[in-house]
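Student: I'm passing along run19.tsv; it holds TSV, C-alpha atoms.
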chain	number	residue	atom	x	y	z
A	14	MET	CA	-59.06	-172.14	-81.08
A	15	ILE	CA	-58.63	-170.93	-77.49
A	16	GLU	CA	-55.94	-168.25	-77.20
A	17	TYR	CA	-56.20	-167.72	-73.45
A	18	ILE	CA	-58.49	-168.28	-70.47
A	19	GLN	CA	-58.92	-165.55	-67.89
A	20	GLY	CA	-60.83	-165.97	-64.65
A	21	ASP	CA	-60.74	-166.98	-61.01
A	22	ILE	CA	-58.48	-169.79	-59.89
A	23	ALA	CA	-60.91	-172.44	-58.61
A	24	GLU	CA	-58.30	-175.15	-57.93
A	25	LEU	CA	-54.53	-175.16	-58.16
A	26	THR	CA	-51.95	-177.93	-57.82
A	27	PRO	CA	-48.35	-177.90	-59.10
A	28	ALA	CA	-49.54	-179.93	-62.13
A	29	THR	CA	-53.01	-178.52	-62.94
A	30	ALA	CA	-55.04	-175.33	-62.67
A	31	VAL	CA	-58.82	-175.05	-62.89
A	32	ILE	CA	-59.87	-171.58	-64.05
A	33	ASP	CA	-63.47	-170.55	-63.44
A	34	CYS	CA	-64.48	-168.46	-66.43
A	35	HIS	CA	-68.11	-167.26	-66.08
A	36	GLY	CA	-69.23	-170.45	-64.35
A	37	VAL	CA	-67.31	-172.90	-66.55
A	38	GLY	CA	-64.25	-174.57	-65.02
A	39	TYR	CA	-61.41	-175.12	-67.50
A	40	ALA	CA	-58.77	-177.62	-66.32
A	41	ALA	CA	-55.33	-176.93	-67.79
A	42	ASN	CA	-52.12	-178.90	-67.35
A	43	ILE	CA	-49.43	-176.50	-66.18
A	44	SER	CA	-45.69	-176.52	-65.59
A	45	LEU	CA	-43.99	-175.60	-62.31
A	46	ASN	CA	-42.98	-172.26	-63.81
A	47	THR	CA	-46.63	-171.38	-64.41
A	48	TYR	CA	-47.56	-172.71	-60.95
A	49	SER	CA	-44.95	-170.40	-59.40
A	50	ALA	CA	-46.24	-167.44	-61.38
A	51	ILE	CA	-49.93	-167.84	-60.44
A	52	GLN	CA	-49.62	-169.33	-56.94
A	53	GLY	CA	-51.25	-167.13	-54.29
A	54	LYS	CA	-53.36	-165.19	-56.82
A	55	LYS	CA	-57.17	-165.20	-56.87
A	56	ALA	CA	-57.43	-164.76	-60.64
A	57	CYS	CA	-55.12	-165.25	-63.58
A	58	LYS	CA	-54.79	-165.38	-67.35
A	59	LEU	CA	-53.39	-168.56	-68.90
A	60	TYR	CA	-52.26	-168.77	-72.51
A	61	ILE	CA	-53.58	-172.05	-73.88
A	62	HIS	CA	-52.43	-174.81	-76.19
A	63	GLU	CA	-55.16	-177.29	-77.14
A	64	ALA	CA	-54.11	-180.89	-77.74
A	65	ILE	CA	-56.96	-182.63	-79.52
A	66	ARG	CA	-56.60	-186.38	-79.98
A	67	GLU	CA	-59.04	-189.19	-80.74
A	68	ASP	CA	-59.23	-190.21	-77.08
A	69	ALA	CA	-58.76	-186.87	-75.31
A	70	TYR	CA	-59.14	-183.10	-75.43
A	71	VAL	CA	-56.38	-181.65	-73.27
A	72	LEU	CA	-55.56	-178.04	-72.43
A	73	PHE	CA	-52.04	-176.90	-71.51
A	74	GLY	CA	-51.87	-173.52	-69.76
A	75	PHE	CA	-48.96	-171.07	-69.52
A	76	ALA	CA	-48.50	-167.91	-67.48
A	77	ASP	CA	-46.85	-166.13	-70.41
A	78	ARG	CA	-46.56	-166.37	-74.18
A	79	GLN	CA	-42.85	-167.15	-74.06
A	80	GLU	CA	-43.34	-170.37	-72.13
A	81	ARG	CA	-46.12	-171.42	-74.55
A	82	GLU	CA	-43.82	-170.66	-77.49
A	83	LEU	CA	-41.12	-172.88	-75.98
A	84	PHE	CA	-43.70	-175.63	-75.36
A	85	LEU	CA	-44.79	-175.48	-79.02
A	86	LEU	CA	-41.15	-175.68	-80.14
A	87	LEU	CA	-40.55	-178.68	-77.87
A	88	ILE	CA	-43.57	-180.64	-79.11
A	89	SER	CA	-42.46	-179.98	-82.70
A	90	VAL	CA	-39.43	-182.22	-81.99
A	91	SER	CA	-39.97	-185.86	-82.98
A	92	GLY	CA	-40.61	-188.02	-79.89
A	93	ILE	CA	-41.56	-185.12	-77.57
A	94	GLY	CA	-45.20	-185.08	-76.49
A	95	GLY	CA	-47.12	-182.61	-74.37
A	96	ASN	CA	-46.35	-184.25	-71.03
A	97	THR	CA	-42.62	-184.55	-71.79
A	98	ALA	CA	-42.51	-180.90	-72.87
A	99	ARG	CA	-44.29	-179.93	-69.65
A	100	MET	CA	-41.77	-182.01	-67.66
A	101	ILE	CA	-38.88	-180.13	-69.34
A	102	LEU	CA	-40.54	-176.78	-68.60
A	103	SER	CA	-41.04	-177.87	-64.98
A	104	ALA	CA	-37.39	-178.82	-64.55
A	105	LEU	CA	-35.96	-175.75	-66.32
A	106	SER	CA	-37.19	-172.17	-66.45
A	107	PRO	CA	-37.73	-170.70	-69.94
A	108	ASN	CA	-34.45	-168.74	-69.66
A	109	GLU	CA	-32.56	-171.84	-68.51
A	110	LEU	CA	-34.00	-173.87	-71.38
A	111	ILE	CA	-33.01	-171.21	-73.93
A	112	ASN	CA	-29.47	-171.17	-72.51
A	113	VAL	CA	-29.25	-174.98	-72.47
A	114	ILE	CA	-30.28	-175.17	-76.15
A	115	SER	CA	-28.13	-172.19	-77.23
A	116	ASN	CA	-25.06	-173.58	-75.42
A	117	GLU	CA	-25.77	-177.15	-76.62
A	118	ASN	CA	-25.74	-178.46	-73.05
A	119	ALA	CA	-27.14	-181.95	-73.70
A	120	ASN	CA	-26.02	-183.21	-70.29
A	121	LEU	CA	-28.23	-180.75	-68.40
A	122	LEU	CA	-31.15	-181.49	-70.71
A	123	LYS	CA	-30.85	-185.25	-70.21
A	124	SER	CA	-31.00	-184.76	-66.42
A	125	VAL	CA	-34.76	-184.25	-66.96
A	126	LYS	CA	-36.76	-187.44	-66.28
A	127	GLY	CA	-37.58	-189.27	-69.50
A	128	ILE	CA	-34.99	-187.46	-71.64
A	129	GLY	CA	-32.10	-189.59	-72.86
A	130	LEU	CA	-28.93	-188.37	-74.56
A	131	LYS	CA	-30.29	-188.94	-78.10
A	132	THR	CA	-33.51	-187.05	-77.35
A	133	ALA	CA	-31.55	-184.21	-75.70
A	134	GLN	CA	-29.30	-183.95	-78.77
A	135	ARG	CA	-32.34	-184.03	-81.10
A	136	ILE	CA	-33.97	-181.16	-79.15
A	137	ILE	CA	-30.77	-179.11	-79.43
A	138	VAL	CA	-30.27	-179.81	-83.16
A	139	ASP	CA	-33.93	-179.14	-84.03
A	140	LEU	CA	-34.40	-176.01	-81.91
A	141	LYS	CA	-31.01	-174.26	-81.82
A	142	ASP	CA	-31.62	-172.19	-84.95
A	143	LYS	CA	-35.26	-171.49	-84.04
A	144	ILE	CA	-34.18	-170.16	-80.62
A	145	LYS	CA	-31.43	-168.00	-82.19
A	146	THR	CA	-33.78	-166.45	-84.73
A	147	GLY	CA	-35.64	-164.88	-81.83
A	148	ALA	CA	-38.81	-166.95	-81.97
A	149	VAL	CA	-38.73	-166.79	-78.20
A	150	ALA	CA	-38.50	-163.38	-76.50
A	151	ALA	CA	-36.63	-162.65	-73.28
A	152	ALA	CA	-38.22	-164.09	-70.16
A	153	SER	CA	-39.76	-162.36	-67.21
A	154	THR	CA	-38.91	-164.10	-63.98
A	155	GLY	CA	-41.64	-164.68	-61.41
A	156	GLY	CA	-41.06	-164.79	-57.68
A	157	THR	CA	-41.49	-167.93	-55.65
A	158	ALA	CA	-43.66	-168.10	-52.59
A	159	THR	CA	-42.64	-170.32	-49.73
A	160	LEU	CA	-45.25	-172.38	-47.98
A	161	PRO	CA	-45.35	-172.27	-44.20
A	162	ALA	CA	-45.22	-175.94	-43.30
A	163	ASN	CA	-42.87	-178.69	-44.45
A	164	ASN	CA	-45.70	-181.23	-44.42
A	165	GLU	CA	-47.75	-179.09	-46.76
A	166	VAL	CA	-44.78	-178.74	-49.13
A	167	MET	CA	-44.12	-182.49	-48.98
A	168	ASP	CA	-47.79	-183.40	-49.65
A	169	GLU	CA	-48.09	-181.00	-52.59
A	170	ALA	CA	-44.77	-182.10	-54.10
A	171	VAL	CA	-45.63	-185.81	-53.84
A	172	ALA	CA	-49.14	-185.19	-55.25
A	173	ALA	CA	-47.67	-183.28	-58.21
A	174	LEU	CA	-45.09	-185.99	-58.93
A	175	THR	CA	-47.81	-188.65	-58.74
A	176	MET	CA	-49.91	-186.64	-61.24
A	177	LEU	CA	-46.87	-186.47	-63.53
A	178	GLY	CA	-46.81	-190.29	-63.55
A	179	PHE	CA	-44.25	-191.20	-60.87
A	180	ALA	CA	-44.95	-193.86	-58.25
A	181	GLN	CA	-45.89	-192.46	-54.84
A	182	GLY	CA	-43.33	-194.43	-52.78
A	183	PRO	CA	-40.17	-193.35	-54.62
A	184	SER	CA	-41.53	-189.79	-55.00
A	185	GLN	CA	-42.10	-189.51	-51.25
A	186	LYS	CA	-38.62	-190.85	-50.51
A	187	VAL	CA	-36.94	-188.33	-52.83
A	188	VAL	CA	-39.05	-185.40	-51.55
A	189	ILE	CA	-38.24	-186.24	-47.91
A	190	GLY	CA	-34.55	-186.38	-48.81
A	191	ILE	CA	-34.71	-182.97	-50.50
A	192	LEU	CA	-36.56	-181.41	-47.55
A	193	LYS	CA	-33.90	-182.75	-45.16
A	194	GLU	CA	-31.23	-180.99	-47.23
A	195	GLU	CA	-33.27	-177.81	-47.81
A	196	PRO	CA	-36.02	-177.50	-45.20
A	197	SER	CA	-37.15	-174.04	-46.34
A	198	ALA	CA	-37.36	-174.89	-50.07
A	199	PRO	CA	-40.64	-173.85	-51.74
A	200	VAL	CA	-42.75	-176.63	-53.28
A	201	GLU	CA	-41.82	-175.81	-56.90
A	202	GLN	CA	-38.09	-176.03	-56.10
A	203	VAL	CA	-38.62	-179.36	-54.31
A	204	ILE	CA	-40.44	-180.73	-57.38
A	205	LYS	CA	-37.73	-179.45	-59.75
A	206	LEU	CA	-35.03	-181.19	-57.69
A	207	ALA	CA	-37.13	-184.35	-57.44
A	208	LEU	CA	-37.61	-184.46	-61.23
A	209	LYS	CA	-33.82	-184.59	-61.60
A	210	ARG	CA	-33.46	-187.42	-59.06
A	211	LEU	CA	-36.36	-189.71	-59.95
What would the structure in this file look like if it were written as structure tokens?
Tutor:
Amino acid sequence: MIEYIQGDIAELTPATAVIDCHGVGYAANISLNTYSAIQGKKACKLYIHEAIREDAYVLFGFADRQERELFLLLISVSGIGGNTARMILSALSPNELINVISNENANLLKSVKGIGLKTAQRIIVDLKDKIKTGAVAAASTGGTATLPANNEVMDEAVAALTMLGFAQGPSQKVVIGILKEEPSAPVEQVIKLALKRL
């Protein structure tokens, strides 16, 4: 089992990171929180969850253990797969997610694309006690880096949303709308807002 991968960042998008570890490139699916934490760095350490299925061998990477712990809790809920858990962790920071579950805020949770009211309630019921027992430690917040050009932010945001399974047309429309409202928003914030609107 892979605990973590440490090495140079060969490629980085808001949805995936390729870590060069002694000449082998490991591609890991990442959340926006992890993207924010490692963006602008030459090297990083990602904590890994391996999803091994009949048709695929997928790695999910996290900048810290706390986010991985939350991911594992989320995928333990019936009906929540790896990509849905990653979507939740892209829309909400680990601290926000802990607060949402602790405060039983199903409405905020169902604002995440693909999460209906029943699923939001199931997440809260299944994880409330696990969160309270301290399975997840307090979060460390990472800074966000702003990109210089709006076009670059728009392109990266649309590419990330497309990788997450959204159609390019609607994604572009939503991203343009967000950038009109908040022209200086960093790419991860644009994607978080877009996830709530798509």
Student: Which residue out of A:Ser103, A:Ser91, A:Thr97, A:Ser197 has the minimum interatomic distance to Thr47 (chain A) when all atoms listed in the file are used?
Tutor: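 Closest candidate: A:Ser103.
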Student: Using all atoms listed in the file, which residues sit within 9 Å of region 111-118 of chain A once same-chain residues fewer than 5 positions away are excluded, as JSON, numbers by chain?
Tutor: {"A": [83, 106, 123, 133, 134, 136, 137, 138, 140, 141, 142, 144, 145, 149]}
Student: May I have the residues within 12 Å of Val166 (chain A) as a PyMOL selection string, using only C-alpha atoms and disregarding those fewer than 5 positions away in the same chain?
Tutor: chain A and resi 26-27+158-161+171-173+185+188-189+191-192+195-204
Student: Smallest atom-to-atom distance to Glu63 (chain A): which of A:Val125, A:Glu16, A:Ile43, A:Glu169, using all atoms listed in the file?
Tutor: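 Comparing A:Val125, A:Glu16, A:Ile43, A:Glu169 against Glu63 (chain A), the winner is A:Glu16.
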Student: Hey, can you check how far CA of Leu177 (chain A) sits from CA of Asp139 (chain A)?
Tutor: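 A separation of 25.3 Å between them.
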Student: Got a sec to check which residues sit within 6 Å of (-54.7, -163.9, -70.2), counting all atoms listed in the file, and write them as a list in words?
Tutor: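 The requested residues, written out, are Tyr17, Ile18, Gln19, Lys58, Leu59 and Tyr60 of chain A.
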Student: Determine, counting only C-alpha atoms, every residue of protein, DNA or RNA that lies within 12 Å of (-41.7, -185.6, -74.5) in the file coordinates, then give the result as a compact mmCIF listing (two decimals) with C-alpha atoms, keeping the file's coordinate frame.
Tutor:
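Written out: out_0.txt:
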# COMPACT_ATOMS: atom_id res chain seq x y z
CA PHE A 84 -43.70 -175.63 -75.36
CA LEU A 85 -44.79 -175.48 -79.02
CA LEU A 86 -41.15 -175.68 -80.14
CA LEU A 87 -40.55 -178.68 -77.87
CA ILE A 88 -43.57 -180.64 -79.11
CA SER A 89 -42.46 -179.98 -82.70
CA VAL A 90 -39.43 -182.22 -81.99
CA SER A 91 -39.97 -185.86 -82.98
CA GLY A 92 -40.61 -188.02 -79.89
CA ILE A 93 -41.56 -185.12 -77.57
CA GLY A 94 -45.20 -185.08 -76.49
CA GLY A 95 -47.12 -182.61 -74.37
CA ASN A 96 -46.35 -184.25 -71.03
CA THR A 97 -42.62 -184.55 -71.79
CA ALA A 98 -42.51 -180.90 -72.87
CA ARG A 99 -44.29 -179.93 -69.65
CA MET A 100 -41.77 -182.01 -67.66
CA ILE A 101 -38.88 -180.13 -69.34
CA LEU A 102 -40.54 -176.78 -68.60
CA LEU A 122 -31.15 -181.49 -70.71
CA LYS A 123 -30.85 -185.25 -70.21
CA VAL A 125 -34.76 -184.25 -66.96
CA LYS A 126 -36.76 -187.44 -66.28
CA GLY A 127 -37.58 -189.27 -69.50
CA ILE A 128 -34.99 -187.46 -71.64
CA GLY A 129 -32.10 -189.59 -72.86
CA THR A 132 -33.51 -187.05 -77.35
CA ALA A 133 -31.55 -184.21 -75.70
CA ARG A 135 -32.34 -184.03 -81.10
CA ILE A 136 -33.97 -181.16 -79.15
Student: Which is closest to Asn108 (chain A) among A:Lys54, A:Asp33, A:Gln181, A:Gln79, if we use only C-alpha atoms?
Tutor: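 Among A:Lys54, A:Asp33, A:Gln181, A:Gln79, it is A:Gln79 that comes nearest to Asn108 (chain A).
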